[in-house]
Structures are given as C-alpha cells and as structure tokens.
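Enquirer: Next comes the structure file structure_35.cif, holding mmCIF, C-alpha atoms and all ligand atoms.
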```
data_work
#
loop_
_atom_site.label_atom_id
_atom_site.label_comp_id
_atom_site.auth_asym_id
_atom_site.auth_seq_id
_atom_site.Cartn_x
_atom_site.Cartn_y
_atom_site.Cartn_z
CA MET A 21 58.56 37.58 -66.49
CA LYS A 22 59.14 40.17 -69.19
CA PHE A 23 56.38 41.92 -71.02
CA GLU A 24 56.33 41.42 -74.77
CA LEU A 25 54.82 43.22 -77.73
CA PRO A 26 51.48 41.59 -78.60
CA LYS A 27 51.01 40.54 -82.22
CA LEU A 28 48.27 42.26 -84.17
CA SER A 29 45.47 40.08 -85.55
CA TYR A 30 45.61 42.09 -88.82
CA GLY A 31 48.31 43.59 -91.05
CA TYR A 32 49.67 47.13 -90.74
CA ASP A 33 47.80 48.09 -93.92
CA ALA A 34 44.50 46.45 -92.89
CA LEU A 35 42.99 49.62 -91.42
CA GLU A 36 43.59 51.69 -94.56
CA PRO A 37 42.42 54.22 -95.57
CA TYR A 38 41.29 55.24 -92.08
CA ILE A 39 44.67 54.64 -90.46
CA ASP A 40 47.62 54.39 -92.83
CA ALA A 41 50.08 51.49 -92.77
CA ARG A 42 53.12 53.62 -91.95
CA THR A 43 51.42 55.10 -88.87
CA MET A 44 50.35 51.63 -87.72
CA GLU A 45 53.85 50.24 -88.14
CA ILE A 46 55.60 53.05 -86.26
CA HIS A 47 52.89 53.11 -83.60
CA HIS A 48 53.04 49.37 -82.92
CA ALA A 49 56.67 48.42 -83.62
CA LYS A 50 58.30 51.59 -82.24
CA HIS A 51 56.04 53.43 -79.80
CA HIS A 52 54.38 50.44 -78.17
CA GLN A 53 57.70 48.53 -78.11
CA ALA A 54 59.36 51.50 -76.38
CA TYR A 55 56.72 51.50 -73.60
CA ILE A 56 57.36 47.79 -73.06
CA ASP A 57 61.15 48.18 -73.01
CA LYS A 58 60.99 51.00 -70.48
CA LEU A 59 58.47 49.12 -68.34
CA ASN A 60 60.71 46.03 -68.27
CA GLU A 61 63.74 48.18 -67.47
CA ALA A 62 61.95 49.79 -64.51
CA LEU A 63 60.75 46.41 -63.18
CA GLU A 64 64.31 45.03 -63.21
CA LYS A 65 64.94 47.19 -60.16
CA HIS A 66 62.14 45.42 -58.25
CA PRO A 67 62.15 41.68 -58.93
CA GLU A 68 59.50 41.25 -56.20
CA LEU A 69 56.97 42.60 -58.73
CA ASN A 70 57.89 39.97 -61.35
CA GLU A 71 54.78 37.87 -60.89
CA ARG A 72 52.31 40.70 -61.29
CA SER A 73 50.26 41.00 -64.44
CA ILE A 74 49.98 44.38 -66.14
CA GLU A 75 46.48 44.74 -64.66
CA GLU A 76 47.76 44.01 -61.15
CA LEU A 77 50.53 46.58 -61.53
CA LEU A 78 48.17 49.32 -62.68
CA GLU A 79 45.22 48.54 -60.38
CA ARG A 80 47.42 49.01 -57.36
CA ILE A 81 49.62 51.77 -58.70
CA GLU A 82 49.98 53.32 -55.22
CA SER A 83 51.62 50.08 -54.00
CA ILE A 84 54.41 50.36 -56.59
CA PRO A 85 57.73 51.48 -55.04
CA GLU A 86 58.11 55.22 -55.42
CA ASP A 87 61.33 55.09 -57.43
CA ILE A 88 59.59 53.33 -60.33
CA ARG A 89 55.95 54.37 -59.80
CA THR A 90 55.99 57.08 -62.48
CA ALA A 91 57.70 54.74 -64.95
CA VAL A 92 55.08 52.01 -64.33
CA ARG A 93 52.26 54.54 -64.60
CA ASN A 94 53.56 55.93 -67.92
CA HIS A 95 55.06 52.87 -69.60
CA GLY A 96 52.85 50.23 -67.99
CA GLY A 97 49.85 52.40 -68.87
CA GLY A 98 51.26 52.75 -72.37
CA HIS A 99 51.54 48.98 -72.69
CA TYR A 100 48.03 48.26 -71.39
CA ASN A 101 46.34 51.08 -73.32
CA HIS A 102 47.92 50.15 -76.65
CA SER A 103 47.23 46.43 -76.22
CA HIS A 104 43.58 47.40 -75.69
CA PHE A 105 43.61 49.82 -78.64
CA TRP A 106 44.84 47.20 -81.17
CA ARG A 107 42.10 44.77 -80.11
CA ILE A 108 39.21 47.21 -80.36
CA MET A 109 40.02 47.96 -84.01
CA ALA A 110 39.46 45.74 -87.06
CA PRO A 111 39.38 46.14 -90.83
CA HIS A 112 36.36 48.06 -92.09
CA GLY A 113 33.69 45.78 -93.48
CA LYS A 114 34.92 42.77 -91.47
CA GLU A 115 34.40 43.35 -87.76
CA GLY A 116 35.22 47.06 -88.09
CA GLY A 117 32.66 49.82 -88.29
CA GLY A 118 28.89 49.94 -88.07
CA GLU A 119 27.16 50.02 -84.73
CA PRO A 120 27.21 47.90 -81.60
CA GLY A 121 24.52 45.31 -81.05
CA GLY A 122 23.12 43.36 -78.12
CA MET A 123 23.12 44.54 -74.56
CA LEU A 124 25.77 47.18 -75.26
CA SER A 125 23.57 48.85 -77.86
CA GLU A 126 20.59 48.88 -75.49
CA THR A 127 22.68 50.30 -72.69
CA ILE A 128 24.16 53.04 -74.90
CA ILE A 129 20.68 54.06 -76.07
CA GLU A 130 19.37 54.09 -72.52
CA LYS A 131 22.28 56.17 -71.31
CA PHE A 132 22.91 58.57 -74.21
CA GLY A 133 19.60 58.58 -76.10
CA SER A 134 20.95 57.11 -79.33
CA PHE A 135 24.14 55.76 -80.87
CA ALA A 136 24.59 59.08 -82.74
CA ASP A 137 24.30 61.02 -79.47
CA PHE A 138 26.83 58.71 -77.86
CA LYS A 139 29.30 59.40 -80.69
CA LYS A 140 28.69 63.13 -80.34
CA SER A 141 29.48 63.01 -76.62
CA PHE A 142 32.55 60.88 -77.20
CA ASN A 143 33.84 63.23 -79.93
CA ALA A 144 33.15 66.23 -77.70
CA SER A 145 35.14 64.72 -74.85
CA VAL A 146 38.18 64.55 -77.12
CA THR A 147 37.97 68.29 -77.75
CA GLY A 148 38.49 68.80 -74.04
CA VAL A 149 41.84 67.02 -74.00
CA PHE A 150 44.74 69.46 -74.17
CA GLY A 151 47.86 67.72 -75.41
CA SER A 152 48.24 63.95 -75.35
CA GLY A 153 45.80 61.51 -73.85
CA TRP A 154 43.00 59.02 -74.35
CA ALA A 155 39.21 59.05 -74.59
CA TRP A 156 37.39 56.07 -73.09
CA LEU A 157 34.06 54.42 -72.66
CA VAL A 158 34.32 52.74 -69.27
CA ILE A 159 32.27 50.94 -66.69
CA ASP A 160 32.57 52.31 -63.20
CA GLY A 161 33.61 49.20 -61.32
CA LYS A 162 36.05 46.37 -61.65
CA THR A 163 35.75 43.48 -64.08
CA GLY A 164 33.84 40.66 -62.46
CA ASP A 165 32.22 42.88 -59.83
CA LYS A 166 29.12 40.80 -59.12
CA ARG A 167 27.38 43.56 -57.18
CA GLN A 168 26.44 45.28 -60.41
CA GLU A 169 22.88 44.64 -61.42
CA THR A 170 22.24 44.71 -65.14
CA SER A 171 19.35 47.15 -64.74
CA LYS A 172 21.67 49.67 -63.13
CA ILE A 173 24.59 49.24 -65.44
CA GLU A 174 23.69 52.19 -67.69
CA LYS A 175 24.34 54.47 -64.73
CA LYS A 176 27.85 53.06 -64.60
CA LEU A 177 28.67 53.54 -68.26
CA LYS A 178 30.74 56.70 -68.66
CA ILE A 179 32.84 58.61 -71.13
CA ILE A 180 36.07 59.83 -69.61
CA THR A 181 39.43 61.10 -70.78
CA THR A 182 42.84 60.45 -69.27
CA PRO A 183 46.00 62.52 -69.74
CA ASN A 184 49.26 61.01 -71.01
CA GLN A 185 49.17 57.20 -70.65
CA ASP A 186 47.09 57.14 -67.47
CA CYS A 187 44.97 54.00 -67.43
CA PRO A 188 41.31 53.82 -66.31
CA ILE A 189 41.98 50.66 -64.29
CA SER A 190 44.15 52.72 -61.92
CA GLN A 191 40.94 54.63 -61.06
CA GLY A 192 38.84 51.50 -60.48
CA LEU A 193 37.24 51.78 -63.93
CA THR A 194 36.99 49.04 -66.57
CA PRO A 195 37.73 50.28 -70.10
CA ILE A 196 35.60 48.85 -72.86
CA LEU A 197 36.55 51.24 -75.69
CA GLY A 198 39.62 53.48 -75.82
CA LEU A 199 40.86 55.95 -78.41
CA ASP A 200 44.49 57.06 -78.62
CA ILE A 201 44.57 60.81 -79.21
CA TRP A 202 48.32 61.29 -79.07
CA GLU A 203 49.61 63.00 -82.20
CA HIS A 204 51.73 59.92 -82.99
CA ALA A 205 48.46 58.06 -83.62
CA TYR A 206 47.40 60.22 -86.55
CA TYR A 207 49.85 63.00 -87.44
CA LEU A 208 51.34 61.49 -90.63
CA LYS A 209 47.96 61.32 -92.31
CA TYR A 210 45.84 63.92 -90.54
CA GLN A 211 48.38 66.50 -89.22
CA ASN A 212 46.44 69.02 -87.10
CA LYS A 213 43.02 67.64 -88.11
CA ARG A 214 42.34 65.57 -85.02
CA GLN A 215 38.56 65.58 -85.50
CA GLU A 216 39.00 64.08 -88.98
CA TYR A 217 41.07 61.26 -87.51
CA ILE A 218 38.36 60.56 -84.95
CA ALA A 219 35.59 60.69 -87.55
CA SER A 220 37.54 58.13 -89.63
CA TRP A 221 38.29 55.94 -86.64
CA TRP A 222 34.62 55.08 -86.08
CA ASN A 223 34.84 53.12 -89.36
CA ILE A 224 37.25 50.63 -87.83
CA VAL A 225 35.91 50.18 -84.32
CA ASN A 226 35.62 46.45 -83.65
CA TRP A 227 32.17 46.45 -82.02
CA PRO A 228 32.04 42.67 -81.47
CA GLU A 229 35.20 43.00 -79.35
CA VAL A 230 33.86 46.05 -77.51
CA GLU A 231 30.66 44.09 -76.80
CA ARG A 232 32.77 41.26 -75.36
CA ASN A 233 34.58 43.76 -73.10
CA PHE A 234 31.19 45.05 -71.96
CA GLU A 235 29.63 41.66 -71.34
CA LYS A 236 32.61 40.45 -69.33
MN MN3 A 301 49.84 55.68 -78.98
#
```
Mind turning this structure into structure tokens?
Expert:
Amino acid sequence: MKFELPKLSYGYDALEPYIDARTMEIHHAKHHQAYIDKLNEALEKHPELNERSIEELLERIESIPEDIRTAVRNHGGGHYNHSHFWRIMAPHGKEGGGEPGGMLSETIIEKFGSFADFKKSFNASVTGVFGSGWAWLVIDGKTGDKRQETSKIEKKLKIITTPNQDCPISQGLTPILGLDIWEHAYYLKYQNKRQEYIASWWNIVNWPEVERNFEK
C-alpha cells in the first residue's frame, strides 16, 4: 500500500485572497507530495508495516523500527498534518470563515470565555513557536474514547503547538483544527508578516468540518 496525494475539494485559487493560488499549488503539489514520496521510500525498507494506516503509524511511533522512525515522524507527520490542513479550509463565504456553531461553539465559550478570546489564545500560541511548526486545537484523548463525558470535554480541549511536522496523534491527542506555520505556507504573499497570514487564515477556516472533527 502506497500513500497518495489527496485531491483538494477546491481549486488552488479558491482561497484567494487569503492564501494565494501559487502558494497553494506549491504547497500541495510539491511540499505535500515530497512528504508522501519520502514516507513511501522509508516504508519500502519495512514491508511488514504495509498494512498500517497513517494514523496507526503515527499513534505508535515508538513501535516503528529505529532506522526509519525519524523519517516516519517527519514525512508521515507531514502527510497527516497537510491532509488535515486542506480539509479544515474552504473558500470564504461558502463553508469558510465566520464562527463555529453547535456543541463546539458552546465548548469553546465554556473553556476560553468567548470565540474572540479563543482566537486570541490561538494567535498567541503561534508567537511562541520558534522556526517551523504547527498550532492546534486538540482534544486530549483518542478518537472514539467513550470514557469522555460531554460535560467534562471542555477540560480536554486544548491549544498546543508542535515543532517541525510532529503530529498530535503521536502524543495521544486528537487534532480538530491545525494551522501550518511553516514559512512555505505563507512566505510568497506575507513574507515575514506571520501574524497577518494568521489573521487572514481565520477567514477560510471550514468550521463545519472542524465541528465534525469535534463531534466524532
Ligand atoms: Mn506545509
């Protein structure tokens, strides 16, 4: 089983003007493809891992043979993180932008005070990342963990950051919203203005998809 580049559900120019078409094309067709190629190349050395899904590889990263563990962590993480990233964005004015609804909205308000305060905390977490990495809204616990009571779930909602392509699922966390803060994600349009990129990005967050991640 070889991993393949997932198709986007929108065109490269669909997130304009918040993310430019050229950045989207290079990011998806070149960067994401390179993570997949290098992941597949590493896995060729260990055919016994062929049946594992990307989640299974990353959840049990310590069980990956040492000679390819770093490659799976970096390139497998890169594949998972980017696949997630494409899905949680959508054209502004369609699914993209606005605010979350439903149980996610209630939980965010309970945890952070308001949606605006949540955004402030999320933006602030990005400032703390030196170099390349990701900012995430995660649930502390694995998908499908039935022990979680809804009333306690706000205690499990967290903002975290990960360096490089490290993936939250390797730490037993379930990502529901992730933001790529590598320079390749924004440099062509925003150069050194990372906070401007992030401020723009809120306009294309696909909240219906993030809500589905949360409700799962
Ligand atoms: Mn990237």
Enquirer: Within 6 Å of ligand MN3 301 (chain A), which residues of chain A come that close, and what is the closest atom pair and distance in Å for each? Count all atoms listed in the file and give it as CSV.
Expert:
```
residue,atom,partner,partner_atom,distance
A:Asp200,CA,A:MN3_301,MN,5.5
A:Trp202,CA,A:MN3_301,MN,5.8
A:Ala205,CA,A:MN3_301,MN,5.4
```
Enquirer: What would the file look like if the residues just selected were written as a compact mmCIF listing (two decimals), keeping the file's coordinate frame with C-alpha atoms?
Expert:
```
# COMPACT_ATOMS: atom_id res chain seq x y z
CA ASP A 200 44.49 57.06 -78.62
CA TRP A 202 48.32 61.29 -79.07
CA ALA A 205 48.46 58.06 -83.62
```
Enquirer: So, counting only C-alpha atoms, which residue among A:Lys50, A:Lys209, A:Lys58, A:Arg80 is closest to Lys22 (chain A)?
Expert: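 Smallest distance to Lys22 (chain A) is found for A:Lys58.
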Enquirer: Contacts of region 178-195 of chain A at 8 Å or less, counting all atoms listed in the file, minus same-chain residues fewer than 6 places along, as a ChimeraX atom specification?
Expert: /A:75,78-81,93-95,97-98,100-101,141-142,145-146,149,151-163,233
Enquirer: My list of candidates is A:Asp137, A:Glu36, A:Asp57, A:Glu64. Which is closest to Gly113 (chain A) when distances are computed with all atoms listed in the file?
Expert: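 Smallest separation from Gly113 (chain A) among the options: A:Glu36.
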Enquirer: From the options A:Ala62, A:Leu208, A:Val92, A:Ala110, which residue's atoms come nearest to Thr43 (chain A), counting only C-alpha atoms?
Expert: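 The answer is A:Leu208, which sits nearest to Thr43 (chain A).
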Enquirer: Return the single residue from A:Glu229, A:Ile74, A:Arg107, A:Trp222 that is closest to Ala136 (chain A), with distances computed using only C-alpha atoms.
Expert: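 Once distances to Ala136 (chain A) are computed over only C-alpha atoms, the minimum belongs to A:Trp222.
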Enquirer: May I ask which of the residues A:His112, A:His51, A:His99, A:Lys213 is the closest one to Ser73 (chain A), counting all atoms listed in the file?
Expert: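 Among the listed residues, the smallest separation from Ser73 (chain A) belongs to A:His99.
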Enquirer: Provide region 137-148 of chain A rebuilt to all heavy atoms, formatted as a short mmCIF file (atom, residue, chain, number, x, y, z; two decimals), in the coordinates of the input.
Expert:
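Saved file part_37.cif follows:
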```cif
data_model
loop_
_atom_site.label_atom_id
_atom_site.label_comp_id
_atom_site.auth_asym_id
_atom_site.auth_seq_id
_atom_site.Cartn_x
_atom_site.Cartn_y
_atom_site.Cartn_z
N ASP A 137 24.04 60.13 -80.60
CA ASP A 137 24.30 61.02 -79.47
C ASP A 137 25.51 60.56 -78.65
O ASP A 137 26.28 61.38 -78.15
CB ASP A 137 23.07 61.11 -78.56
CG ASP A 137 21.96 61.93 -79.19
OD1 ASP A 137 22.29 62.93 -79.87
OD2 ASP A 137 20.78 61.57 -79.04
N PHE A 138 25.65 59.25 -78.55
CA PHE A 138 26.83 58.71 -77.86
C PHE A 138 28.11 59.16 -78.57
O PHE A 138 29.05 59.63 -77.96
CB PHE A 138 26.77 57.18 -77.76
CG PHE A 138 28.11 56.54 -77.60
CD1 PHE A 138 28.82 56.67 -76.41
CD2 PHE A 138 28.69 55.81 -78.64
CE1 PHE A 138 30.08 56.10 -76.27
CE2 PHE A 138 29.95 55.24 -78.51
CZ PHE A 138 30.65 55.39 -77.32
N LYS A 139 28.11 59.01 -79.91
CA LYS A 139 29.30 59.40 -80.69
C LYS A 139 29.59 60.89 -80.52
O LYS A 139 30.74 61.29 -80.40
CB LYS A 139 29.09 59.08 -82.18
CG LYS A 139 29.51 57.65 -82.53
CD LYS A 139 29.08 57.24 -83.93
CE LYS A 139 29.84 57.89 -85.04
NZ LYS A 139 29.46 57.31 -86.36
N LYS A 140 28.53 61.68 -80.51
CA LYS A 140 28.69 63.13 -80.34
C LYS A 140 29.36 63.44 -78.99
O LYS A 140 30.28 64.25 -78.91
CB LYS A 140 27.30 63.79 -80.40
CG LYS A 140 27.22 64.94 -81.41
CD LYS A 140 25.85 65.59 -81.38
CE LYS A 140 24.94 65.07 -82.48
NZ LYS A 140 23.56 65.57 -82.38
N SER A 141 28.89 62.78 -77.95
CA SER A 141 29.48 63.01 -76.62
C SER A 141 30.92 62.56 -76.57
O SER A 141 31.78 63.21 -75.97
CB SER A 141 28.71 62.24 -75.54
OG SER A 141 27.39 62.65 -75.50
N PHE A 142 31.18 61.42 -77.20
CA PHE A 142 32.55 60.88 -77.20
C PHE A 142 33.47 61.84 -77.95
O PHE A 142 34.54 62.20 -77.46
CB PHE A 142 32.55 59.49 -77.85
CG PHE A 142 33.80 58.68 -77.61
CD1 PHE A 142 33.90 57.82 -76.52
CD2 PHE A 142 34.88 58.77 -78.47
CE1 PHE A 142 35.04 57.06 -76.30
CE2 PHE A 142 36.04 58.02 -78.27
CZ PHE A 142 36.12 57.16 -77.17
N ASN A 143 33.04 62.28 -79.13
CA ASN A 143 33.84 63.23 -79.93
C ASN A 143 34.07 64.53 -79.15
O ASN A 143 35.16 65.10 -79.20
CB ASN A 143 33.14 63.55 -81.25
CG ASN A 143 33.09 62.35 -82.19
OD1 ASN A 143 33.72 61.33 -81.95
ND2 ASN A 143 32.33 62.47 -83.26
N ALA A 144 33.03 64.98 -78.45
CA ALA A 144 33.15 66.23 -77.70
C ALA A 144 34.16 66.09 -76.56
O ALA A 144 34.90 67.03 -76.24
CB ALA A 144 31.80 66.65 -77.15
N SER A 145 34.21 64.91 -75.96
CA SER A 145 35.14 64.72 -74.85
C SER A 145 36.58 64.87 -75.32
O SER A 145 37.44 65.38 -74.60
CB SER A 145 34.94 63.34 -74.19
OG SER A 145 35.54 62.33 -74.99
N VAL A 146 36.83 64.46 -76.56
CA VAL A 146 38.18 64.55 -77.12
C VAL A 146 38.62 66.01 -77.23
O VAL A 146 39.77 66.36 -76.97
CB VAL A 146 38.24 63.87 -78.50
CG1 VAL A 146 39.57 64.11 -79.17
CG2 VAL A 146 37.96 62.38 -78.36
N THR A 147 37.67 66.86 -77.60
CA THR A 147 37.97 68.29 -77.75
C THR A 147 38.50 68.88 -76.44
O THR A 147 39.29 69.82 -76.45
CB THR A 147 36.69 69.04 -78.19
OG1 THR A 147 36.09 68.28 -79.25
CG2 THR A 147 37.00 70.42 -78.71
N GLY A 148 38.06 68.29 -75.35
CA GLY A 148 38.49 68.80 -74.04
C GLY A 148 39.88 68.35 -73.61
O GLY A 148 40.37 68.78 -72.57
#
```
